[in-house]
Structure formats: structure tokens, C-alpha cells
>>> print(open('start03.cif').read())   # mmCIF, C-alpha atoms and all ligand atoms
data_entry
loop_
_atom_site.group_PDB
_atom_site.id
_atom_site.type_symbol
_atom_site.label_atom_id
_atom_site.label_comp_id
_atom_site.auth_asym_id
_atom_site.auth_seq_id
_atom_site.Cartn_x
_atom_site.Cartn_y
_atom_site.Cartn_z
ATOM 1 C CA MET E 1 32.006 -34.575 -3.296
ATOM 2 C CA LEU E 2 32.133 -34.508 0.452
ATOM 3 C CA ALA E 3 35.155 -34.102 2.710
ATOM 4 C CA GLU E 4 34.760 -36.050 5.933
ATOM 5 C CA VAL E 5 36.693 -35.005 9.006
ATOM 6 C CA THR E 6 36.826 -37.654 11.681
ATOM 7 C CA GLY E 7 38.280 -36.696 15.029
ATOM 8 C CA ASN E 8 37.640 -37.631 18.645
ATOM 9 C CA SER E 9 34.615 -35.399 18.857
ATOM 10 C CA ALA E 10 31.494 -35.127 16.752
ATOM 11 C CA SER E 11 32.353 -31.469 16.162
ATOM 12 C CA PRO E 12 35.237 -30.669 13.803
ATOM 13 C CA THR E 13 35.253 -27.076 15.105
ATOM 14 C CA ALA E 14 35.887 -28.263 18.644
ATOM 15 C CA LEU E 15 38.743 -30.399 17.409
ATOM 16 C CA SER E 16 40.591 -27.668 15.559
ATOM 17 C CA SER E 17 40.758 -25.651 18.771
ATOM 18 C CA THR E 18 43.611 -27.714 20.222
ATOM 19 C CA ALA E 19 46.865 -28.755 18.611
ATOM 20 C CA SER E 20 46.749 -32.342 19.903
ATOM 21 C CA ALA E 21 43.223 -32.881 18.697
ATOM 22 C CA ALA E 22 44.083 -31.298 15.348
ATOM 23 C CA SER E 23 46.820 -33.885 14.817
ATOM 24 C CA GLN E 24 44.155 -36.596 15.049
ATOM 25 C CA GLN E 25 42.050 -35.248 12.250
ATOM 26 C CA ARG E 26 42.113 -36.572 8.765
ATOM 27 C CA GLU E 27 39.962 -35.530 5.900
ATOM 28 C CA TRP E 28 38.613 -38.295 3.729
ATOM 29 C CA ALA E 29 37.370 -37.023 0.408
ATOM 30 C CA GLY E 30 34.535 -38.964 -1.091
ATOM 31 C CA LYS E 31 30.774 -39.255 -1.441
ATOM 32 C CA ARG E 32 27.896 -40.829 0.418
ATOM 33 C CA LEU E 33 26.280 -43.682 -1.441
ATOM 34 C CA SER E 34 22.779 -43.529 0.024
ATOM 35 C CA PRO E 35 21.077 -41.487 2.735
ATOM 36 C CA THR E 36 21.421 -44.390 5.177
ATOM 37 C CA ILE E 37 24.615 -46.292 4.519
ATOM 38 C CA GLY E 38 27.851 -46.267 2.542
ATOM 39 C CA PHE E 39 30.699 -43.875 1.753
ATOM 40 C CA GLU E 40 33.028 -44.124 -1.256
ATOM 41 C CA LEU E 41 36.476 -42.696 -0.593
ATOM 42 C CA GLN E 42 38.336 -40.883 -3.284
ATOM 43 C CA ASP E 43 42.011 -41.390 -4.103
ATOM 44 C CA VAL E 44 42.944 -43.545 -1.137
ATOM 45 C CA SER E 45 45.285 -46.501 -1.588
ATOM 46 C CA ILE E 46 44.863 -48.946 1.252
ATOM 47 C CA ALA E 47 48.237 -50.484 0.385
ATOM 48 C CA ALA E 48 49.794 -47.186 1.561
ATOM 49 C CA LYS E 49 51.258 -46.680 5.012
ATOM 50 C CA PHE E 50 48.708 -45.380 7.508
ATOM 51 C CA THR E 51 49.500 -43.844 10.869
ATOM 52 C CA GLU E 52 47.682 -45.004 14.002
ATOM 53 C CA ASP E 53 45.641 -41.784 13.808
ATOM 54 C CA ASP E 54 44.641 -42.601 10.219
ATOM 55 C CA ILE E 55 43.462 -46.033 11.316
ATOM 56 C CA ALA E 56 41.530 -44.565 14.246
ATOM 57 C CA SER E 57 39.998 -42.057 11.881
ATOM 58 C CA LEU E 58 39.027 -44.767 9.372
ATOM 59 C CA ARG E 59 37.477 -46.710 12.236
ATOM 60 C CA ARG E 60 35.295 -43.719 13.075
ATOM 61 C CA LEU E 61 34.383 -43.234 9.428
ATOM 62 C CA LEU E 62 33.361 -46.904 9.327
ATOM 63 C CA GLY E 63 31.283 -46.489 12.478
ATOM 64 C CA LYS E 64 29.487 -43.558 10.912
ATOM 65 C CA HIS E 65 28.844 -44.883 7.390
ATOM 66 C CA LYS E 66 29.096 -48.632 8.090
ATOM 67 C CA VAL E 67 30.320 -49.469 4.579
ATOM 68 C CA LEU E 68 33.464 -47.926 3.057
ATOM 69 C CA VAL E 69 34.238 -48.379 -0.634
ATOM 70 C CA PHE E 70 37.750 -48.034 -2.075
ATOM 71 C CA ARG E 71 38.067 -48.225 -5.864
ATOM 72 C CA ASP E 72 41.097 -49.072 -8.012
ATOM 73 C CA GLN E 73 43.153 -50.929 -5.399
ATOM 74 C CA GLY E 74 45.268 -52.670 -8.076
ATOM 75 C CA ASP E 75 48.407 -52.388 -5.952
ATOM 76 C CA LEU E 76 46.866 -54.314 -3.049
ATOM 77 C CA THR E 77 48.610 -57.694 -2.948
ATOM 78 C CA PRO E 78 47.045 -60.454 -0.826
ATOM 79 C CA ALA E 79 49.799 -59.828 1.764
ATOM 80 C CA ALA E 80 48.980 -56.083 1.834
ATOM 81 C CA HIS E 81 45.272 -56.932 2.113
ATOM 82 C CA VAL E 82 46.005 -59.030 5.213
ATOM 83 C CA ALA E 83 48.333 -56.351 6.604
ATOM 84 C CA PHE E 84 45.699 -53.597 6.201
ATOM 85 C CA ALA E 85 42.991 -55.725 7.836
ATOM 86 C CA ARG E 86 45.332 -56.545 10.780
ATOM 87 C CA ARG E 87 45.548 -52.854 11.632
ATOM 88 C CA PHE E 88 41.965 -53.190 12.898
ATOM 89 C CA GLY E 89 42.501 -56.326 14.991
ATOM 90 C CA PRO E 90 43.380 -60.011 14.803
ATOM 91 C CA LEU E 91 41.966 -61.893 11.827
ATOM 92 C CA GLU E 92 39.725 -64.940 11.705
ATOM 93 C CA VAL E 93 40.718 -68.111 9.907
ATOM 94 C CA HIS E 94 37.442 -69.538 8.654
ATOM 95 C CA PRO E 95 37.003 -73.192 9.637
ATOM 96 C CA ILE E 96 35.208 -74.196 6.429
ATOM 97 C CA ILE E 97 35.304 -71.734 3.516
ATOM 98 C CA ALA E 98 38.246 -72.144 1.085
ATOM 99 C CA HIS E 99 41.138 -69.739 1.515
ATOM 100 C CA HIS E 100 44.043 -68.237 -0.402
ATOM 101 C CA PRO E 101 46.885 -70.809 -0.692
ATOM 102 C CA ASP E 102 49.434 -68.541 1.060
ATOM 103 C CA HIS E 103 47.098 -66.600 3.335
ATOM 104 C CA PRO E 104 44.668 -68.640 5.442
ATOM 105 C CA GLU E 105 43.207 -65.313 6.704
ATOM 106 C CA LEU E 106 41.832 -64.599 3.211
ATOM 107 C CA VAL E 107 38.726 -66.630 2.424
ATOM 108 C CA THR E 108 37.936 -66.897 -1.268
ATOM 109 C CA PHE E 109 34.576 -66.888 -3.028
ATOM 110 C CA VAL E 110 35.032 -68.007 -6.616
ATOM 111 C CA HIS E 111 32.060 -68.733 -8.850
ATOM 112 C CA ASN E 112 31.964 -69.495 -12.559
ATOM 113 C CA SER E 113 30.266 -71.794 -15.069
ATOM 114 C CA ASP E 114 30.793 -74.738 -12.693
ATOM 115 C CA SER E 115 29.531 -73.081 -9.539
ATOM 116 C CA ARG E 116 26.698 -70.654 -8.910
ATOM 117 C CA GLY E 117 27.041 -67.947 -6.254
ATOM 118 C CA ILE E 118 25.568 -69.161 -2.960
ATOM 119 C CA GLU E 119 26.168 -66.127 -0.733
ATOM 120 C CA ASN E 120 22.772 -64.742 -1.704
ATOM 121 C CA VAL E 121 21.091 -64.796 1.693
ATOM 122 C CA PHE E 122 21.164 -61.859 4.118
ATOM 123 C CA HIS E 123 23.706 -62.479 6.820
ATOM 124 C CA SER E 124 26.240 -61.044 9.171
ATOM 125 C CA ASP E 125 29.570 -62.880 8.977
ATOM 126 C CA THR E 126 30.307 -65.517 11.645
ATOM 127 C CA SER E 127 27.399 -64.508 13.887
ATOM 128 C CA PHE E 128 27.593 -68.166 15.010
ATOM 129 C CA TYR E 129 30.759 -67.416 17.012
ATOM 130 C CA PRO E 130 30.648 -66.213 20.642
ATOM 131 C CA GLU E 131 32.600 -63.208 19.304
ATOM 132 C CA PRO E 132 31.321 -62.594 15.775
ATOM 133 C CA SER E 133 33.447 -60.655 13.363
ATOM 134 C CA MET E 134 33.916 -56.896 13.859
ATOM 135 C CA GLY E 135 34.309 -56.202 10.170
ATOM 136 C CA SER E 136 35.151 -57.695 6.818
ATOM 137 C CA ILE E 137 37.315 -56.359 4.005
ATOM 138 C CA LEU E 138 36.365 -57.832 0.637
ATOM 139 C CA ARG E 139 38.327 -57.364 -2.558
ATOM 140 C CA CYS E 140 37.073 -58.114 -6.042
ATOM 141 C CA ALA E 141 39.725 -59.928 -8.104
ATOM 142 C CA GLU E 142 37.440 -60.581 -11.066
ATOM 143 C CA CYS E 143 33.817 -59.756 -11.773
ATOM 144 C CA PRO E 144 31.285 -60.151 -14.520
ATOM 145 C CA GLU E 145 30.622 -57.225 -16.880
ATOM 146 C CA VAL E 146 27.242 -56.803 -15.220
ATOM 147 C CA GLY E 147 25.710 -58.426 -12.160
ATOM 148 C CA GLY E 148 27.224 -59.839 -9.001
ATOM 149 C CA ASP E 149 26.498 -56.690 -6.952
ATOM 150 C CA THR E 150 26.419 -56.921 -3.163
ATOM 151 C CA ILE E 151 23.635 -55.402 -1.042
ATOM 152 C CA PHE E 152 24.590 -54.029 2.376
ATOM 153 C CA VAL E 153 21.997 -53.215 5.034
ATOM 154 C CA ASN E 154 22.216 -50.801 7.945
ATOM 155 C CA MET E 155 20.808 -52.776 10.886
ATOM 156 C CA VAL E 156 20.864 -49.693 13.130
ATOM 157 C CA ALA E 157 18.343 -48.096 10.767
ATOM 158 C CA ALA E 158 16.406 -51.383 10.780
ATOM 159 C CA TYR E 159 16.230 -51.293 14.577
ATOM 160 C CA GLU E 160 15.273 -47.608 14.732
ATOM 161 C CA ALA E 161 12.363 -48.121 12.327
ATOM 162 C CA LEU E 162 10.701 -50.749 14.548
ATOM 163 C CA SER E 163 7.589 -49.682 16.460
ATOM 164 C CA PRO E 164 7.953 -48.817 20.185
ATOM 165 C CA THR E 165 5.872 -51.913 21.025
ATOM 166 C CA ILE E 166 8.221 -54.229 19.178
ATOM 167 C CA LYS E 167 11.296 -52.480 20.575
ATOM 168 C CA ASP E 168 9.905 -53.110 24.079
ATOM 169 C CA ARG E 169 9.107 -56.718 23.270
ATOM 170 C CA ILE E 170 12.590 -57.530 21.997
ATOM 171 C CA ALA E 171 14.603 -55.465 24.499
ATOM 172 C CA ASP E 172 15.536 -58.487 26.642
ATOM 173 C CA LEU E 173 15.244 -61.235 24.070
ATOM 174 C CA SER E 174 18.124 -63.313 22.879
ATOM 175 C CA ALA E 175 18.407 -65.687 19.946
ATOM 176 C CA MET E 176 20.437 -68.712 18.894
ATOM 177 C CA HIS E 177 22.959 -68.514 16.034
ATOM 178 C CA ASP E 178 24.138 -71.769 14.483
ATOM 179 C CA ALA E 179 26.760 -72.466 11.801
ATOM 180 C CA SER E 180 25.108 -75.826 11.093
ATOM 181 C CA VAL E 181 22.224 -74.155 9.282
ATOM 182 C CA VAL E 182 24.530 -73.495 6.346
ATOM 183 C CA PHE E 183 27.656 -75.553 6.834
ATOM 184 C CA GLY E 184 25.939 -78.629 8.304
ATOM 185 C CA ASN E 185 23.947 -78.929 5.119
ATOM 186 C CA ARG E 186 27.200 -79.234 3.188
ATOM 187 C CA GLN E 187 28.291 -82.232 5.311
ATOM 188 C CA PRO E 188 27.249 -85.462 3.572
ATOM 189 C CA THR E 189 27.364 -87.654 6.714
ATOM 190 C CA LYS E 190 25.737 -87.501 10.134
ATOM 191 C CA GLU E 191 29.190 -87.959 11.712
ATOM 192 C CA GLY E 192 30.394 -84.891 9.825
ATOM 193 C CA ARG E 193 27.396 -82.869 11.017
ATOM 194 C CA ASP E 194 27.863 -84.027 14.637
ATOM 195 C CA GLU E 195 31.533 -83.084 14.449
ATOM 196 C CA LEU E 196 30.679 -79.608 13.113
ATOM 197 C CA ARG E 197 28.188 -79.033 15.957
ATOM 198 C CA LYS E 198 30.906 -80.043 18.434
ATOM 199 C CA GLN E 199 33.475 -77.792 16.773
ATOM 200 C CA ILE E 200 31.140 -74.775 16.490
ATOM 201 C CA PRO E 201 28.327 -75.114 19.038
ATOM 202 C CA ALA E 202 25.270 -72.882 18.604
ATOM 203 C CA VAL E 203 25.581 -69.641 20.552
ATOM 204 C CA GLU E 204 23.127 -67.233 22.191
ATOM 205 C CA HIS E 205 23.280 -63.496 21.407
ATOM 206 C CA PRO E 206 21.047 -60.580 22.343
ATOM 207 C CA VAL E 207 18.493 -59.722 19.645
ATOM 208 C CA VAL E 208 19.408 -56.067 20.124
ATOM 209 C CA ARG E 209 23.100 -55.369 20.621
ATOM 210 C CA THR E 210 24.801 -52.065 21.343
ATOM 211 C CA HIS E 211 27.650 -50.972 19.116
ATOM 212 C CA PRO E 212 30.795 -50.804 21.287
ATOM 213 C CA GLU E 213 32.101 -47.680 19.523
ATOM 214 C CA THR E 214 29.064 -45.669 18.400
ATOM 215 C CA GLY E 215 26.664 -46.699 21.197
ATOM 216 C CA GLU E 216 23.942 -47.325 18.586
ATOM 217 C CA LYS E 217 21.402 -50.114 19.016
ATOM 218 C CA ILE E 218 21.505 -52.787 16.334
ATOM 219 C CA LEU E 219 18.977 -55.428 15.325
ATOM 220 C CA PHE E 220 21.268 -58.451 15.482
ATOM 221 C CA VAL E 221 19.421 -61.389 13.917
ATOM 222 C CA ASN E 222 19.999 -62.684 10.408
ATOM 223 C CA GLU E 223 18.224 -65.078 8.071
ATOM 224 C CA THR E 224 21.256 -67.289 7.547
ATOM 225 C CA PHE E 225 22.468 -68.230 10.998
ATOM 226 C CA THR E 226 19.800 -67.190 13.535
ATOM 227 C CA THR E 227 17.507 -70.127 14.282
ATOM 228 C CA HIS E 228 15.080 -69.136 17.083
ATOM 229 C CA PHE E 229 14.594 -67.020 20.196
ATOM 230 C CA ALA E 230 16.291 -68.509 23.243
ATOM 231 C CA ASN E 231 14.087 -66.930 25.939
ATOM 232 C CA TYR E 232 10.685 -66.001 24.505
ATOM 233 C CA ARG E 233 8.136 -66.073 27.323
ATOM 234 C CA GLN E 234 4.441 -65.336 27.133
ATOM 235 C CA VAL E 235 2.588 -65.735 30.395
ATOM 236 C CA ASN E 236 -0.941 -64.458 31.082
ATOM 237 C CA ASN E 237 -1.955 -64.249 34.750
ATOM 238 C CA GLY E 238 0.703 -66.787 35.604
ATOM 239 C CA VAL E 239 -0.581 -69.272 33.009
ATOM 240 C CA TRP E 240 1.548 -70.303 30.040
ATOM 241 C CA ASN E 241 0.068 -68.854 26.887
ATOM 242 C CA GLN E 242 -0.571 -71.628 24.359
ATOM 243 C CA ASP E 243 -0.115 -69.167 21.494
ATOM 244 C CA ALA E 244 3.452 -68.354 22.524
ATOM 245 C CA PRO E 245 5.268 -70.584 19.996
ATOM 246 C CA ALA E 246 3.200 -69.168 17.108
ATOM 247 C CA GLN E 247 3.672 -65.590 18.360
ATOM 248 C CA ALA E 248 7.407 -66.160 18.699
ATOM 249 C CA ARG E 249 7.580 -67.448 15.128
ATOM 250 C CA ASP E 250 5.628 -64.449 13.802
ATOM 251 C CA LEU E 251 7.857 -61.978 15.638
ATOM 252 C CA PHE E 252 10.985 -63.847 14.534
ATOM 253 C CA THR E 253 9.887 -63.736 10.881
ATOM 254 C CA HIS E 254 9.026 -60.041 11.163
ATOM 255 C CA LEU E 255 12.517 -59.249 12.508
ATOM 256 C CA MET E 256 14.206 -61.346 9.821
ATOM 257 C CA ARG E 257 12.380 -59.455 7.085
ATOM 258 C CA GLN E 258 13.764 -56.080 8.172
ATOM 259 C CA ALA E 259 17.045 -56.607 6.306
ATOM 260 C CA ARG E 260 15.078 -56.817 3.050
ATOM 261 C CA THR E 261 13.860 -53.206 3.330
ATOM 262 C CA PRO E 262 15.367 -51.134 0.476
ATOM 263 C CA GLU E 263 15.436 -47.925 2.557
ATOM 264 C CA PHE E 264 18.087 -49.451 4.842
ATOM 265 C CA GLN E 265 20.265 -50.686 1.987
ATOM 266 C CA VAL E 266 22.969 -49.742 -0.456
ATOM 267 C CA ARG E 267 23.857 -51.818 -3.509
ATOM 268 C CA ILE E 268 27.529 -51.850 -4.500
ATOM 269 C CA GLN E 269 28.558 -52.543 -8.098
ATOM 270 C CA TRP E 270 31.960 -54.159 -8.153
ATOM 271 C CA GLN E 271 34.824 -53.472 -10.500
ATOM 272 C CA ARG E 272 38.077 -55.384 -10.540
ATOM 273 C CA ASP E 273 40.136 -54.158 -7.538
ATOM 274 C CA THR E 274 37.249 -52.572 -5.703
ATOM 275 C CA VAL E 275 37.584 -53.146 -1.963
ATOM 276 C CA VAL E 276 34.666 -52.842 0.452
ATOM 277 C CA PHE E 277 35.107 -52.638 4.218
ATOM 278 C CA TRP E 278 31.933 -53.158 6.246
ATOM 279 C CA ASP E 279 31.158 -52.994 9.930
ATOM 280 C CA ASN E 280 29.868 -56.509 10.424
ATOM 281 C CA ARG E 281 28.381 -55.657 13.832
ATOM 282 C CA ALA E 282 25.936 -53.187 12.315
ATOM 283 C CA VAL E 283 25.593 -54.471 8.739
ATOM 284 C CA GLN E 284 24.160 -57.460 6.918
ATOM 285 C CA HIS E 285 24.989 -58.294 3.325
ATOM 286 C CA TYR E 286 23.716 -60.320 0.381
ATOM 287 C CA ALA E 287 25.782 -61.193 -2.701
ATOM 288 C CA ILE E 288 23.443 -61.196 -5.685
ATOM 289 C CA SER E 289 23.827 -64.429 -7.641
ATOM 290 C CA ASP E 290 22.684 -63.303 -11.099
ATOM 291 C CA TYR E 291 25.859 -63.692 -13.174
ATOM 292 C CA HIS E 292 26.107 -67.424 -13.891
ATOM 293 C CA PRO E 293 27.989 -68.686 -15.972
ATOM 294 C CA HIS E 294 30.388 -65.729 -15.716
ATOM 295 C CA THR E 295 33.260 -65.601 -13.257
ATOM 296 C CA ARG E 296 33.201 -63.639 -10.030
ATOM 297 C CA SER E 297 36.208 -64.010 -7.735
ATOM 298 C CA MET E 298 36.500 -62.350 -4.321
ATOM 299 C CA MET E 299 38.834 -62.458 -1.332
ATOM 300 C CA ARG E 300 37.816 -61.521 2.209
ATOM 301 C CA ALA E 301 39.759 -60.754 5.360
ATOM 302 C CA THR E 302 37.596 -60.939 8.481
ATOM 303 C CA ILE E 303 38.491 -59.100 11.681
ATOM 304 C CA VAL E 304 37.711 -60.716 15.037
ATOM 305 C CA GLY E 305 35.020 -58.874 16.991
ATOM 306 C CA ASP E 306 33.737 -58.692 20.545
ATOM 307 C CA ARG E 307 30.933 -60.456 22.399
ATOM 308 C CA PRO E 308 27.604 -58.803 21.529
ATOM 309 C CA ARG E 309 26.048 -56.966 24.495
HETATM 310 C C1 LIG O 1 30.329 -62.750 1.798
HETATM 311 O O1 LIG O 1 29.263 -63.299 2.077
HETATM 312 O O2 LIG O 1 31.076 -62.290 2.638
HETATM 313 C C2 LIG O 1 30.682 -62.559 0.324
HETATM 314 C C3 LIG O 1 30.048 -61.327 -0.183
HETATM 315 C C4 LIG O 1 30.256 -61.143 -1.677
HETATM 316 O O3 LIG O 1 30.847 -62.015 -2.314
HETATM 317 O O4 LIG O 1 29.827 -60.113 -2.174
#
>>> encode(input="start03.cif", output="C-alpha cells", more="lines below")
Ligand code: SIN
Amino acid sequence: MLAEVTGNSASPTALSSTASAASQQREWAGKRLSPTIGFELQDVSIAAKFTEDDIASLRRLLGKHKVLVFRDQGDLTPAAHVAFARRFGPLEVHPIIAHHPDHPELVTFVHNSDSRGIENVFHSDTSFYPEPSMGSILRCAECPEVGGDTIFVNMVAAYEALSPTIKDRIADLSAMHDASVVFGNRQPTKEGRDELRKQIPAVEHPVVRTHPETGEKILFVNETFTTHFANYRQVNNGVWNQDAPAQARDLFTHLMRQARTPEFQVRIQWQRDTVVFWDNRAVQHYAISDYHPHTRSMMRATIVGDRPR
């Protein structure tokens, strides 16, 4: 077991030297879940009252480990789920995915014998918005006896593992993110698809973004919503290079594949009332769809984020 102290400084010793800093410390008992990503907290009820310092401290813990796991949250009502998520910022109301009847801020993912899980593609939530989500808090209401795990990927580690040549090549690139890739395909009519594109136009984001709190660089492209580079240029001696489109595709595919690398991942096994909070700016996820025809029922609150830079 590990006790995490999260204060304003990286050094707990420095913090304990002043009374005001000491008041901002909180120890979170728990264990790391992989060398790269994930921390499971012990004996924390997120339905409990947290001070502002606790929330700031949880925010830092999230920045450090990127995925926080809370088990046995049986006392977390949907209202308390929303209330906890709101402590981290305003919440999104998803324009398409079904939501809880009393809480539009809680999207629901329910799969059973009539519906196979479809969230089994690596993605970062709402990357198609100008301000994609900062984080998501997902609760398991019901899960199969085995299966239905979720994989989370540390996209800071994915960026750091790239070669210097590729890091240079992508430093100033941006890419398009488009909700239509997934949600357009669920629209049966062209009018419906046109309307969706009007409602949620494709958006351009840097391929490498900087985390606003940790300062880390993040590879910010995902297989679900990112469609192509927006500004790939390949000019030799002032002449347009005919190979550029093919080179762009190769590089794009190479970047997409990074999320599939097991060394950057953690795989969470759900139990009823497990809650997982992930930093959506630095993490991608993939819900394994291997449990059909059993029931898996989840609820997610999604916190509004900032514009990637
Ligand atoms: C999601 O894509 O946010 C759902 C993840 C899951 O159901 O594990």
C-alpha cells in the first residue's frame, strides 16, 4: 500500500515546513495499478463531503496518475455522482448519447442481450468539441461476472516514447476531430447527417497538446474522432512533394497505433459500484466488448475542459 501526499509542491518535505502549506496536504492511501498509469484509492467515499483542499489534492493526484479508481461506492446516488463531478468544473450534456432520466449530465451505456458494447475503440471523450472534456467519472451500476473491462492509456507516455525525429515532425502539426465519424454513421438520413455536421462542426486541435496543470506533452489524436492532419506540408526545394499524402497517411496511422501499446496501458476490472475518474486530456480508453449477452450498465459524468494548446 502506498500513501500519496499531494500538496502544492512536488516535495512533501517542503510542504510540511509551513503551517499554511501543511493544511493543503492530504494523504490518499492506495496502490498504483501499473508502472505508467492508474491509482486505486483505499477507503474513500466520493459521496462524502470534501473540502476545497481535498478537491485540489484529488486534482493533483489525477494529474499524476491519470486514472483514479474508487471501489465500493454503493452510497453514491446519481445526484451525488453529479455533485462530485461538479466540484471539478461544469458538466457536459452529451448531444446524442442516452442519459439518466433525471440527470441529463449522466450519460448511460447499457448493453445486454439486445445490444452489444460499441465503445470498443480507443478514444478520448468529446475530442470533437473546441473544448474537449477535462475528465470523466464513470460508475458501474451492473457488470458481467467476467469481461467488460476498460483499458486506459497514458498518452503522455505515448508521446514520450516517440523518436526525436517524429517528435520534431509533429511539433507544429494539427489534426481534425469530427463527431460525424461515429455519430453521423448512426443517422439514417443525409438530412440528419448534414444537421449533425452543422450542430457539431469538425474542429482542429494540435497533435501535441500541453497539459494545463502538469505541463506534460500529450499525443492528442485518437482512432475514433481524429480524421486527418490539417496542415501537413512536404516541400522539397520549393516543389510540392508528390509523396506527401501517402507520407501523411503513414505518419497518421503510426500515431494512431500508439494507444494500442500495452506498456502505456492499465486494464480496469469493474465491480458493481466501482467508480473510475480519468483525466481525459491525457488518457484514451477502450471498453472491451466481450461480455455479450450479459448486462453491463454504466453512468458517466463528463467535466468540461479547456481548448487544447
Ligand atoms: C466510454 O466510452 O466513456 C465508456 C467506457 C466504458 O463503458 O467503460
>>> residues_near_point(input="start03.cif", point="(1.9, -73.3, 22.0)", cutoff="7 Å", atoms="only C-alpha atoms", output="list in words")
Asn241, Gln242, Asp243, Ala244, Pro245 and Ala246 of chain E
>>> residues_near_point(input="start03.cif", point="(27.1, -53.8, 7.4)", cutoff="7 Å", atoms="only C-alpha atoms", output="VMD selection string")
chain E and resid 66 to 67 152 to 154 278 to 285
>>> residues_near_ligand(input="start03.cif", ligand="ligand LIG 1 (chain O)", cutoff="9 Å", atoms="all atoms listed in the file", output="ChimeraX atom specification")
/E:107-110,117-125,136-140,148-151,268,270,285-288,296-300,302
>>> closest_residue(input="start03.cif", among="E:Gln73, E:Ser113, E:Thr51, E:Ser45", to="Asp273 in chain E", atoms="all atoms listed in the file")
E:Gln73
>>> atom_distance(input="start03.cif", atom1="CA of Ala230 in chain E", atom2="CA of Pro262 in chain E")
28.7 Å
>>> residues_around(input="start03.cif", residues="Lys49 in chain E", least_positions_apart="6", cutoff="12 Å", atoms="all atoms listed in the file", output="ChimeraX atom specification")
/E:55,76,80,83-84,87
>>> atom_distance(input="start03.cif", atom1="CA of Glu40 in chain E", atom2="CA of Glu27 in chain E")
13.2 Å
>>> closest_residue(input="start03.cif", among="E:Ala158, E:Ile96, E:Ile170, E:Leu58", to="Val182 in chain E", atoms="only C-alpha atoms")
E:Ile96
>>> closest_residue(input="start03.cif", among="E:His294, E:His65, E:Lys217, E:His100", to="Tyr159 in chain E", atoms="only C-alpha atoms")
E:Lys217
>>> atom_distance(input="start03.cif", atom1="CA of Glu92 in chain E", atom2="CA of Pro104 in chain E")
8.8 Å
>>> residues_around(input="start03.cif", residues="Pro95 in chain E", least_positions_apart="2", cutoff="12 Å", atoms="all atoms listed in the file", output="ChimeraX atom specification")
/E:92-93,97-99,104-107,126,128-129,179,183,196,199-200
>>> closest_residue(input="start03.cif", among="E:Ala202, E:Ala175, E:Ile303, E:Val275", to="Leu255 in chain E", atoms="all atoms listed in the file")
E:Ala175
>>> resolve_selection(input="start03.cif", expression="the PyMOL selection byres (((chain E and resi 224-228) around 6) and not hetatm)", output="list in words")
His123, Ala175, Met176, His177, Asp178, Val221, Asn222, Glu223 and Phe229 of chain E
>>> closest_residue(input="start03.cif", among="E:Glu160, E:Asp43, E:Asp306, E:Asp54", to="Gly89 in chain E", atoms="all atoms listed in the file")
E:Asp306
>>> closest_residue(input="start03.cif", among="E:Ser127, E:Gly192, E:Leu68, E:Ala56", to="Ser34 in chain E", atoms="all atoms listed in the file")
E:Leu68
>>> residues_around(input="start03.cif", residues="Thr36 in chain E", least_positions_apart="6", cutoff="8 Å", atoms="all atoms listed in the file", output="ChimeraX atom specification")
/E:65,154,157,263-266
>>> axis_aligned_box(input="start03.cif", around="range 138-155 of chain E", padding_each_side="4 Å", output="lines of an AutoDock Vina configuration file")
center_x = 30.3
center_y = -55.7
center_z = -3.0
size_x = 26.9
size_y = 17.8
size_z = 35.8
>>> resolve_selection(input="start03.cif", expression="the PyMOL selection byres (((chain E and resi 171) around 12) and not hetatm)", output="PyMOL selection string")
chain E and resi 159+162+164-170+172-175+206-210+217-220+231-232+309
>>> write_last_selection(input="start03.cif", atoms="C-alpha atoms", output="compact mmCIF listing (two decimals), in the frame of the given file")
# COMPACT_ATOMS: atom_id res chain seq x y z
CA TYR E 159 16.23 -51.29 14.58
CA LEU E 162 10.70 -50.75 14.55
CA PRO E 164 7.95 -48.82 20.18
CA THR E 165 5.87 -51.91 21.02
CA ILE E 166 8.22 -54.23 19.18
CA LYS E 167 11.30 -52.48 20.58
CA ASP E 168 9.90 -53.11 24.08
CA ARG E 169 9.11 -56.72 23.27
CA ILE E 170 12.59 -57.53 22.00
CA ASP E 172 15.54 -58.49 26.64
CA LEU E 173 15.24 -61.24 24.07
CA SER E 174 18.12 -63.31 22.88
CA ALA E 175 18.41 -65.69 19.95
CA PRO E 206 21.05 -60.58 22.34
CA VAL E 207 18.49 -59.72 19.64
CA VAL E 208 19.41 -56.07 20.12
CA ARG E 209 23.10 -55.37 20.62
CA THR E 210 24.80 -52.06 21.34
CA LYS E 217 21.40 -50.11 19.02
CA ILE E 218 21.50 -52.79 16.33
CA LEU E 219 18.98 -55.43 15.32
CA PHE E 220 21.27 -58.45 15.48
CA ASN E 231 14.09 -66.93 25.94
CA TYR E 232 10.68 -66.00 24.50
CA ARG E 309 26.05 -56.97 24.50
>>> build_atoms(input="start03.cif", residues="range 244-252 of chain E", atoms="N, CA, C and O atoms", output="mmCIF file, in the frame of the given file")
data_model
loop_
_atom_site.group_PDB
_atom_site.id
_atom_site.type_symbol
_atom_site.label_atom_id
_atom_site.label_comp_id
_atom_site.auth_asym_id
_atom_site.auth_seq_id
_atom_site.Cartn_x
_atom_site.Cartn_y
_atom_site.Cartn_z
ATOM 1 N N ALA E 244 2.087 -68.909 22.499
ATOM 2 C CA ALA E 244 3.452 -68.354 22.524
ATOM 3 C C ALA E 244 4.328 -68.849 21.375
ATOM 4 O O ALA E 244 4.999 -68.026 20.725
ATOM 5 N N PRO E 245 4.372 -70.158 21.084
ATOM 6 C CA PRO E 245 5.268 -70.584 19.996
ATOM 7 C C PRO E 245 4.918 -69.914 18.668
ATOM 8 O O PRO E 245 5.810 -69.474 17.929
ATOM 9 N N ALA E 246 3.608 -69.791 18.385
ATOM 10 C CA ALA E 246 3.200 -69.168 17.108
ATOM 11 C C ALA E 246 3.555 -67.681 17.122
ATOM 12 O O ALA E 246 4.042 -67.125 16.126
ATOM 13 N N GLN E 247 3.339 -67.022 18.273
ATOM 14 C CA GLN E 247 3.672 -65.590 18.360
ATOM 15 C C GLN E 247 5.170 -65.377 18.202
ATOM 16 O O GLN E 247 5.614 -64.434 17.553
ATOM 17 N N ALA E 248 5.942 -66.279 18.809
ATOM 18 C CA ALA E 248 7.407 -66.160 18.699
ATOM 19 C C ALA E 248 7.821 -66.301 17.240
ATOM 20 O O ALA E 248 8.658 -65.535 16.746
ATOM 21 N N ARG E 249 7.219 -67.256 16.556
ATOM 22 C CA ARG E 249 7.580 -67.448 15.128
ATOM 23 C C ARG E 249 7.235 -66.215 14.312
ATOM 24 O O ARG E 249 7.993 -65.774 13.454
ATOM 25 N N ASP E 250 6.052 -65.647 14.566
ATOM 26 C CA ASP E 250 5.628 -64.449 13.802
ATOM 27 C C ASP E 250 6.602 -63.292 14.042
ATOM 28 O O ASP E 250 7.012 -62.602 13.101
ATOM 29 N N LEU E 251 6.945 -63.075 15.319
ATOM 30 C CA LEU E 251 7.857 -61.978 15.638
ATOM 31 C C LEU E 251 9.233 -62.226 15.016
ATOM 32 O O LEU E 251 9.845 -61.322 14.435
ATOM 33 N N PHE E 252 9.687 -63.467 15.094
ATOM 34 C CA PHE E 252 10.985 -63.847 14.534
ATOM 35 C C PHE E 252 11.018 -63.543 13.031
ATOM 36 O O PHE E 252 11.946 -62.905 12.513
#
